[in-house]
file run.txt (compact mmCIF, C-alpha atoms and all ligand atoms)
# COMPACT_ATOMS: atom_id res chain seq x y z
CA MET K 1 91.42 77.56 57.66
CA LEU K 2 90.40 81.18 58.33
CA ASN K 3 88.55 81.80 61.59
CA SER K 4 85.51 83.07 59.66
CA GLU K 5 85.34 79.77 57.73
CA ARG K 6 85.45 77.63 60.87
CA PRO K 7 82.18 75.92 61.80
CA ARG K 8 80.92 77.20 65.19
CA LEU K 9 82.36 75.02 67.89
CA ASP K 10 80.26 73.49 70.64
CA TRP K 11 82.99 73.73 73.29
CA GLN K 12 80.92 72.01 75.98
CA LEU K 13 80.12 68.99 73.81
CA LEU K 14 83.73 68.85 72.66
CA ILE K 15 85.22 68.60 76.16
CA GLU K 16 82.55 66.11 77.28
CA ASP K 17 83.44 63.89 74.29
CA ILE K 18 87.12 64.18 75.14
CA ALA K 19 86.49 63.31 78.81
CA ASN K 20 84.69 60.14 77.68
CA GLU K 21 87.38 59.20 75.20
CA VAL K 22 90.25 59.43 77.68
CA SER K 23 88.35 57.78 80.53
CA ALA K 24 89.98 54.36 80.07
CA LEU K 25 93.44 55.93 80.32
CA LYS K 26 92.96 57.32 83.82
CA SER K 27 93.82 54.06 85.59
CA LYS K 28 96.84 53.43 83.34
CA GLY K 29 98.85 56.28 84.83
CA LYS K 30 100.71 56.19 88.12
CA VAL K 31 100.21 58.73 90.89
CA ALA K 32 103.46 60.42 91.95
CA ASP K 33 104.49 59.12 95.35
CA TYR K 34 107.98 60.55 95.83
CA ILE K 35 106.09 63.25 97.74
CA PRO K 36 103.96 60.85 99.85
CA GLU K 37 101.04 63.27 100.25
CA LEU K 38 100.56 63.28 96.46
CA GLY K 39 99.56 59.61 96.74
CA ASN K 40 96.37 60.58 98.65
CA VAL K 41 94.38 61.31 95.53
CA ASP K 42 91.67 59.55 93.55
CA LEU K 43 93.25 58.05 90.41
CA ASP K 44 89.84 58.19 88.74
CA ALA K 45 89.52 61.97 89.00
CA PHE K 46 89.38 63.97 85.78
CA GLY K 47 88.52 67.60 85.15
CA ILE K 48 88.90 70.08 82.32
CA THR K 49 88.20 73.80 81.85
CA VAL K 50 88.46 75.81 78.65
CA GLN K 51 88.61 79.56 79.26
CA LEU K 52 88.13 81.80 76.23
CA LEU K 53 89.61 85.30 76.03
CA ASN K 54 86.10 86.71 75.71
CA GLY K 55 85.32 85.46 79.24
CA GLN K 56 83.27 82.40 78.26
CA ARG K 57 84.23 79.27 80.14
CA TYR K 58 83.40 75.60 79.64
CA SER K 59 84.13 72.79 82.10
CA THR K 60 83.36 69.16 82.80
CA GLY K 61 84.21 66.46 85.36
CA ASP K 62 86.04 67.29 88.58
CA TYR K 63 86.93 70.79 87.47
CA GLN K 64 86.10 72.33 90.84
CA THR K 65 88.14 69.86 92.87
CA ASN K 66 91.37 71.30 94.23
CA PHE K 67 94.60 69.49 93.46
CA SER K 68 98.27 70.20 94.03
CA VAL K 69 99.57 72.57 91.35
CA GLN K 70 103.21 71.52 91.84
CA SER K 71 105.31 72.60 88.85
CA ILE K 72 102.48 74.60 87.28
CA SER K 73 103.33 77.17 89.98
CA LYS K 74 106.73 77.64 88.33
CA VAL K 75 104.95 79.67 85.63
CA PHE K 76 103.65 82.10 88.25
CA SER K 77 107.05 82.47 89.92
CA LEU K 78 108.77 82.89 86.54
CA THR K 79 106.26 85.59 85.57
CA LYS K 80 107.05 87.51 88.77
CA ALA K 81 110.82 87.07 88.45
CA PHE K 82 110.82 88.09 84.76
CA SER K 83 108.76 91.19 85.46
CA ILE K 84 111.13 92.19 88.31
CA LEU K 85 114.55 91.27 86.90
CA LYS K 86 113.78 91.60 83.19
CA ASP K 87 116.52 90.13 80.97
CA GLU K 88 119.00 90.05 83.87
CA LEU K 89 117.20 86.86 84.88
CA TRP K 90 118.83 84.94 82.02
CA SER K 91 122.29 85.40 83.52
CA ARG K 92 121.11 83.07 86.33
CA VAL K 93 119.03 80.52 84.43
CA GLY K 94 119.11 79.27 80.82
CA LYS K 95 116.45 78.94 78.13
CA GLU K 96 117.25 75.56 76.60
CA PRO K 97 115.30 72.31 76.94
CA SER K 98 117.11 70.00 79.33
CA GLY K 99 116.30 66.65 77.74
CA ASN K 100 116.56 65.33 81.30
CA PRO K 101 114.07 64.52 84.07
CA PHE K 102 112.76 67.54 85.99
CA ASN K 103 114.73 66.70 89.15
CA SER K 104 117.97 65.59 87.51
CA LEU K 105 121.32 66.60 89.03
CA VAL K 106 123.73 65.50 86.30
CA GLN K 107 123.62 68.49 83.92
CA LEU K 108 124.26 71.04 86.66
CA GLU K 109 127.88 70.09 87.22
CA HIS K 110 128.73 70.18 83.53
CA GLU K 111 127.11 73.60 83.28
CA ASN K 112 128.66 75.19 86.37
CA GLY K 113 125.52 75.43 88.48
CA LYS K 114 123.42 77.33 85.91
CA PRO K 115 120.19 75.39 85.30
CA ARG K 116 119.12 74.80 81.72
CA ASN K 117 115.71 76.46 82.07
CA PRO K 118 113.30 77.88 84.69
CA PHE K 119 110.96 74.87 84.67
CA ILE K 120 113.25 72.08 85.80
CA ASN K 121 113.47 72.04 89.61
CA ALA K 122 116.96 73.57 89.70
CA GLY K 123 115.80 76.45 87.47
CA ALA K 124 112.68 77.10 89.53
CA ILE K 125 114.78 77.15 92.71
CA VAL K 126 117.04 79.83 91.17
CA VAL K 127 113.93 81.76 90.10
CA ALA K 128 112.67 81.51 93.71
CA ASP K 129 116.01 82.88 94.93
CA CYS K 130 115.80 85.78 92.44
CA ILE K 131 112.37 86.71 93.79
CA MET K 132 113.54 86.41 97.41
CA THR K 133 116.40 88.82 96.94
CA ASN K 134 114.01 91.40 95.45
CA THR K 135 110.87 91.14 97.60
CA THR K 136 109.94 90.87 101.26
CA ASP K 137 107.66 88.03 102.37
CA SER K 138 107.94 86.35 98.97
CA LEU K 139 105.56 83.51 99.78
CA ALA K 140 102.70 85.82 100.81
CA MET K 141 103.43 87.92 97.72
CA ILE K 142 103.26 84.95 95.32
CA ILE K 143 100.05 83.61 96.92
CA ASP K 144 98.47 87.06 96.49
CA PHE K 145 99.68 87.10 92.90
CA ILE K 146 98.14 83.68 92.19
CA ARG K 147 94.87 84.77 93.85
CA GLU K 148 94.78 87.84 91.67
CA LEU K 149 95.55 85.93 88.44
CA SER K 150 92.95 83.26 89.20
CA ASP K 151 90.43 85.80 90.50
CA ASN K 152 89.97 83.55 93.52
CA LYS K 153 90.85 84.95 96.94
CA THR K 154 90.55 81.54 98.60
CA VAL K 155 93.54 79.95 96.80
CA SER K 156 95.92 78.71 99.53
CA ILE K 157 98.77 76.40 100.38
CA ASP K 158 97.86 72.81 101.25
CA GLN K 159 99.74 72.54 104.55
CA ASP K 160 99.85 68.71 104.56
CA MET K 161 101.38 68.79 101.07
CA LEU K 162 103.89 71.41 102.20
CA GLN K 163 105.01 69.30 105.17
CA SER K 164 105.30 66.25 102.93
CA GLU K 165 107.37 68.17 100.36
CA LYS K 166 109.66 69.53 103.07
CA SER K 167 110.20 66.13 104.67
CA PHE K 168 111.02 64.39 101.40
CA GLY K 169 112.69 67.21 99.47
CA HIS K 170 116.24 65.87 99.69
CA ARG K 171 116.87 66.04 95.96
CA ASN K 172 115.78 69.66 95.80
CA ALA K 173 117.98 70.41 98.81
CA ALA K 174 120.89 68.77 96.98
CA LEU K 175 120.23 70.88 93.87
CA ALA K 176 120.04 74.09 95.91
CA HIS K 177 123.22 73.41 97.90
CA PHE K 178 125.05 72.45 94.73
CA MET K 179 124.02 75.69 93.01
CA LYS K 180 124.98 77.69 96.10
CA SER K 181 128.50 76.25 95.76
CA TYR K 182 128.56 77.94 92.32
CA ASN K 183 127.22 81.21 93.83
CA ASN K 184 123.97 80.86 91.92
CA ILE K 185 121.87 80.96 95.12
CA GLY K 186 122.14 84.16 97.16
CA SER K 187 119.77 83.51 100.07
CA GLU K 188 119.98 80.80 102.71
CA VAL K 189 119.22 77.44 101.11
CA ASP K 190 116.54 76.51 103.67
CA ALA K 191 114.71 79.80 103.12
CA VAL K 192 114.75 79.39 99.32
CA LEU K 193 113.48 75.82 99.64
CA ASP K 194 110.68 76.92 101.99
CA PHE K 195 109.54 79.42 99.38
CA TYR K 196 109.86 76.94 96.50
CA PHE K 197 108.01 74.14 98.38
CA GLY K 198 105.39 76.70 99.43
CA HIS K 199 104.43 77.73 95.92
CA CYS K 200 104.51 74.11 94.68
CA SER K 201 102.09 73.14 97.49
CA VAL K 202 99.36 75.56 96.43
CA ALA K 203 96.01 73.84 95.79
CA MET K 204 93.86 75.04 92.88
CA ASN K 205 91.22 73.62 90.56
CA CYS K 206 90.95 73.55 86.75
CA GLU K 207 88.84 76.72 86.65
CA ASP K 208 91.37 78.64 88.77
CA ILE K 209 94.36 77.55 86.71
CA ALA K 210 92.77 78.14 83.30
CA ARG K 211 91.75 81.62 84.49
CA ALA K 212 95.23 82.32 85.85
CA PHE K 213 96.90 81.45 82.52
CA LEU K 214 94.67 83.70 80.41
CA PHE K 215 97.14 86.63 80.37
CA LEU K 216 99.66 84.41 78.56
CA ALA K 217 97.15 83.90 75.75
CA ASN K 218 96.72 87.68 75.47
CA HIS K 219 100.20 89.19 75.14
CA GLY K 220 100.68 89.56 78.91
CA ILE K 221 97.38 91.37 79.65
CA ASP K 222 94.50 89.73 81.51
CA PRO K 223 91.65 90.29 79.03
CA ILE K 224 89.02 90.39 81.78
CA SER K 225 90.63 92.64 84.41
CA LYS K 226 92.65 94.45 81.69
CA LYS K 227 95.69 94.33 83.97
CA ARG K 228 99.10 93.94 82.33
CA TYR K 229 101.44 91.39 83.96
CA LEU K 230 104.16 91.13 81.30
CA THR K 231 105.13 93.02 78.17
CA ALA K 232 104.02 91.35 74.94
CA SER K 233 107.63 90.40 74.30
CA GLN K 234 108.02 88.81 77.75
CA ALA K 235 104.75 86.86 77.35
CA LYS K 236 105.99 85.59 73.98
CA ARG K 237 109.20 84.40 75.62
CA ILE K 238 107.44 82.61 78.47
CA ASN K 239 105.21 80.87 75.92
CA ALA K 240 108.31 79.82 73.97
CA LEU K 241 109.76 78.32 77.16
CA LEU K 242 106.47 76.55 77.89
CA LEU K 243 106.57 74.94 74.47
CA THR K 244 110.21 73.90 74.59
CA CYS K 245 110.63 73.12 78.32
CA GLY K 246 107.18 73.00 79.96
CA THR K 247 106.88 69.22 79.92
CA TYR K 248 110.56 68.40 80.53
CA ASP K 249 112.10 65.55 78.55
CA ALA K 250 108.71 64.97 76.90
CA ALA K 251 108.49 68.53 75.52
CA GLY K 252 109.19 67.36 71.96
CA ASP K 253 106.50 64.70 72.16
CA PHE K 254 104.05 67.21 73.72
CA ALA K 255 104.70 69.75 70.93
CA PHE K 256 104.35 66.98 68.33
CA ARG K 257 101.11 65.57 69.70
CA VAL K 258 99.45 68.64 71.24
CA GLY K 259 100.98 71.74 69.65
CA MET K 260 100.33 74.17 72.51
CA PRO K 261 102.69 75.88 74.97
CA GLY K 262 101.89 74.10 78.24
CA LYS K 263 103.06 73.35 81.76
CA SER K 264 102.56 70.14 83.67
CA GLY K 265 102.80 69.37 87.37
CA VAL K 266 103.22 66.06 89.20
CA GLY K 267 99.83 66.68 90.83
CA GLY K 268 98.43 65.68 87.41
CA GLY K 269 97.48 69.12 86.15
CA ILE K 270 98.46 70.57 82.76
CA ALA K 271 97.79 74.17 81.76
CA ALA K 272 98.15 75.27 78.14
CA ILE K 273 97.28 78.21 75.93
CA ILE K 274 96.45 79.14 72.35
CA PRO K 275 97.61 82.75 71.86
CA GLY K 276 94.75 85.05 70.90
CA LEU K 277 92.08 82.50 71.77
CA LEU K 278 92.07 80.54 75.01
CA SER K 279 93.67 78.87 78.00
CA ILE K 280 92.89 75.35 79.12
CA CYS K 281 93.55 73.27 82.20
CA VAL K 282 93.14 69.52 82.42
CA TRP K 283 93.63 67.38 85.53
CA SER K 284 94.04 63.63 85.88
CA PRO K 285 96.43 62.40 88.61
CA GLY K 286 97.81 59.30 86.83
CA LEU K 287 101.19 60.22 85.35
CA ASP K 288 103.31 58.83 82.51
CA LYS K 289 106.98 57.98 82.96
CA TYR K 290 108.00 61.62 82.40
CA GLY K 291 105.78 62.91 85.22
CA ASN K 292 103.10 64.33 82.93
CA SER K 293 99.41 63.40 83.26
CA LEU K 294 98.75 60.45 80.96
CA ALA K 295 95.06 61.11 80.31
CA GLY K 296 95.72 64.87 80.46
CA VAL K 297 98.19 64.86 77.57
CA LYS K 298 95.83 62.65 75.56
CA ALA K 299 92.92 65.01 76.29
CA LEU K 300 94.93 67.99 75.02
CA GLU K 301 96.01 66.02 71.95
CA LEU K 302 92.36 65.26 71.20
CA PHE K 303 91.46 68.90 71.82
CA THR K 304 93.84 70.24 69.17
CA THR K 305 93.16 67.35 66.78
CA LYS K 306 89.37 67.61 66.92
CA THR K 307 89.30 71.41 66.68
CA GLY K 308 92.17 71.84 64.23
CA ILE K 309 93.36 74.64 66.53
CA SER K 310 96.95 74.61 67.66
CA ILE K 311 99.84 77.06 67.41
CA PHE K 312 101.05 75.37 64.20
O1 LIG X 1 110.05 69.81 93.46
C1 LIG X 1 109.32 68.90 93.07
O2 LIG X 1 109.75 67.80 92.76
C2 LIG X 1 107.83 69.18 92.99
N1 LIG X 1 107.48 70.16 93.97
C3 LIG X 1 107.44 69.68 91.62
C4 LIG X 1 107.76 68.72 90.50
C5 LIG X 1 106.82 68.76 89.36
O3 LIG X 1 105.65 69.08 89.45
C6 LIG X 1 107.35 68.25 88.08
N2 LIG X 1 106.29 68.26 87.08
N3 LIG X 1 105.91 67.49 86.29
call {"tool": "encode", "arguments": {"input": "run.txt", "output": "structure tokens"}}
result
Amino acid sequence: MLNSERPRLDWQLLIEDIANEVSALKSKGKVADYIPELGNVDLDAFGITVQLLNGQRYSTGDYQTNFSVQSISKVFSLTKAFSILKDELWSRVGKEPSGNPFNSLVQLEHENGKPRNPFINAGAIVVADCIMTNTTDSLAMIIDFIRELSDNKTVSIDQDMLQSEKSFGHRNAALAHFMKSYNNIGSEVDAVLDFYFGHCSVAMNCEDIARAFLFLANHGIDPISKKRYLTASQAKRINALLLTCGTYDAAGDFAFRVGMPGKSGVGGGIAAIIPGLLSICVWSPGLDKYGNSLAGVKALELFTTKTGISIF
């Protein structure tokens, strides 16, 4: 259907309908507890924000409640690393779906310490290392970057979450040490982990995250500030990775059901985009067995089904 033939959408009514429809699913998911602090969240919470390129924004539910961004932050670190290292980055980290859980160790040995993609934990730790070897005070830099993208100067690290991540991050430490043995980590492992845990522990709300993803829906340029963060070609490539790897071993199912490039986090957030039109963030803390928000994925599936808008 051509855009001009599309009936005018009532975005607000649409997301309110979706919030009602997925309501029963909220309690069916399971809050992630391998980082204990993540368990301190209301399973009944649900928020959604749709941010259009023209600046209009529609939200409902708990869209102004902060939650832990977790792996959604890997998109911000990848954006920084890609803009600094350009295509050199791909000598350190691959671009293939892993077909494995986000914190899996098994593939790394077969593939000589080079992670499959930047969104599994191993890949994001390598990306963190790439940033650290090219910037000073990387954590402050990435927080400033996220504040700028989200147009919210108050975005900060949740210190309780950070302590919890550090205390229970043994798997990530194992991944980092293992990759260091293959010379794919240059900095000290503890320093890289501090940076990685730091950006995962950032707290944001649906409005912040939808706003921060808008440049990916607009060829790398924030349509409101007009600032360019990536070339059009780089933005295209990050979107391709979001589609194929953004939801881990459920990326095929997510593409099949939702049809948008998107990134999930174990805090229950999912951010997604439709190039040339919008970004969207949904939050519901109950997760499915892959670590993606159960009601969140359903909400995005309803969004593309009801509107007929997807990338396909
Ligand atoms: O390293 C971890 O396990 C977490 N900081 C991030 C994992 C995550 O969000 C996976 N997403 N679904």
call {"tool": "residues_near_point", "arguments": {"input": "run.txt", "point": "(97.8, 84.0, 100.7)", "cutoff": "12 Å", "atoms": "all atoms listed in the file", "output": "PyMOL selection string"}}
result
chain K and resi 137-148+152-158+198-199+202-203
call {"tool": "closest_atom_pairs", "arguments": {"input": "run.txt", "of": "stretch 193-299 of chain K", "to": "stretch 26-38 of chain K", "cutoff": "10 Å", "atoms": "only C-alpha atoms", "output": "Markdown table"}}
result
| residue | atom | partner | partner_atom | distance |
| --- | --- | --- | --- | --- |
| K:Val266 | CA | K:Ala32 | CA | 6.3 |
| K:Gly267 | CA | K:Leu38 | CA | 6.6 |
| K:Gly268 | CA | K:Val31 | CA | 8.0 |
| K:Ser284 | CA | K:Lys26 | CA | 6.7 |
| K:Pro285 | CA | K:Val31 | CA | 5.7 |
| K:Gly286 | CA | K:Gly29 | CA | 3.8 |
| K:Leu287 | CA | K:Gly29 | CA | 4.6 |
| K:Asp288 | CA | K:Gly29 | CA | 5.6 |
| K:Lys289 | CA | K:Lys30 | CA | 8.3 |
| K:Gly291 | CA | K:Ala32 | CA | 7.5 |
| K:Asn292 | CA | K:Gly29 | CA | 9.3 |
| K:Ser293 | CA | K:Gly29 | CA | 7.3 |
| K:Leu294 | CA | K:Gly29 | CA | 5.7 |
| K:Ala295 | CA | K:Lys26 | CA | 5.6 |
| K:Gly296 | CA | K:Lys26 | CA | 8.7 |
call {"tool": "residues_around", "arguments": {"input": "run.txt", "residues": "K:Phe197", "least_positions_apart": "2", "cutoff": "7 Å", "atoms": "all atoms listed in the file", "output": "list in words"}}
result
Leu162, Glu165, Lys166, Leu193, Asp194, Phe195, His199, Cys200 and Ser201 of chain K
call {"tool": "atom_distance", "arguments": {"input": "run.txt", "atom1": "atom CA of K:Gln64", "atom2": "atom CA of K:Asn218"}}
result
24.2 Å
call {"tool": "residues_around", "arguments": {"input": "run.txt", "residues": "stretch 125-129 of chain K", "least_positions_apart": "3", "cutoff": "9 Å", "atoms": "all atoms listed in the file", "output": "NGL selection string"}}
result
:K and (74 or 77-78 or 81-82 or 89 or 92-93 or 114-115 or 118 or 120-122 or 132-134 or 138 or 172 or 175-176 or 179 or 184-189 or 191-193 or 195-196)
call {"tool": "write_last_selection", "arguments": {"input": "run.txt", "atoms": "C-alpha atoms", "output": "JSON list (two decimals), keeping the file's coordinate frame"}}
result
[["chain", "number", "residue", "atom", "x", "y", "z"],
["K", 74, "LYS", "CA", 106.73, 77.64, 88.33],
["K", 77, "SER", "CA", 107.05, 82.47, 89.92],
["K", 78, "LEU", "CA", 108.77, 82.89, 86.54],
["K", 81, "ALA", "CA", 110.82, 87.07, 88.45],
["K", 82, "PHE", "CA", 110.82, 88.09, 84.76],
["K", 89, "LEU", "CA", 117.20, 86.86, 84.88],
["K", 92, "ARG", "CA", 121.11, 83.07, 86.33],
["K", 93, "VAL", "CA", 119.03, 80.52, 84.43],
["K", 114, "LYS", "CA", 123.42, 77.33, 85.91],
["K", 115, "PRO", "CA", 120.19, 75.39, 85.30],
["K", 118, "PRO", "CA", 113.30, 77.88, 84.69],
["K", 120, "ILE", "CA", 113.25, 72.08, 85.80],
["K", 121, "ASN", "CA", 113.47, 72.04, 89.61],
["K", 122, "ALA", "CA", 116.96, 73.57, 89.70],
["K", 132, "MET", "CA", 113.54, 86.41, 97.41],
["K", 133, "THR", "CA", 116.40, 88.82, 96.94],
["K", 134, "ASN", "CA", 114.01, 91.40, 95.45],
["K", 138, "SER", "CA", 107.94, 86.35, 98.97],
["K", 172, "ASN", "CA", 115.78, 69.66, 95.80],
["K", 175, "LEU", "CA", 120.23, 70.88, 93.87],
["K", 176, "ALA", "CA", 120.04, 74.09, 95.91],
["K", 179, "MET", "CA", 124.02, 75.69, 93.01],
["K", 184, "ASN", "CA", 123.97, 80.86, 91.92],
["K", 185, "ILE", "CA", 121.87, 80.96, 95.12],
["K", 186, "GLY", "CA", 122.14, 84.16, 97.16],
["K", 187, "SER", "CA", 119.77, 83.51, 100.07],
["K", 188, "GLU", "CA", 119.98, 80.80, 102.71],
["K", 189, "VAL", "CA", 119.22, 77.44, 101.11],
["K", 191, "ALA", "CA", 114.71, 79.80, 103.12],
["K", 192, "VAL", "CA", 114.75, 79.39, 99.32],
["K", 193, "LEU", "CA", 113.48, 75.82, 99.64],
["K", 195, "PHE", "CA", 109.54, 79.42, 99.38],
["K", 196, "TYR", "CA", 109.86, 76.94, 96.50]]
call {"tool": "closest_residue", "arguments": {"input": "run.txt", "among": "K:Asn40, K:Thr307, K:Gln159, K:Thr244", "to": "K:Leu9", "atoms": "all atoms listed in the file"}}
result
K:Thr307
call {"tool": "closest_residue", "arguments": {"input": "run.txt", "among": "K:Gln234, K:Gln56, K:Ser71, K:Asn205", "to": "ligand LIG 1 (chain X)", "atoms": "all atoms listed in the file"}}
result
K:Ser71
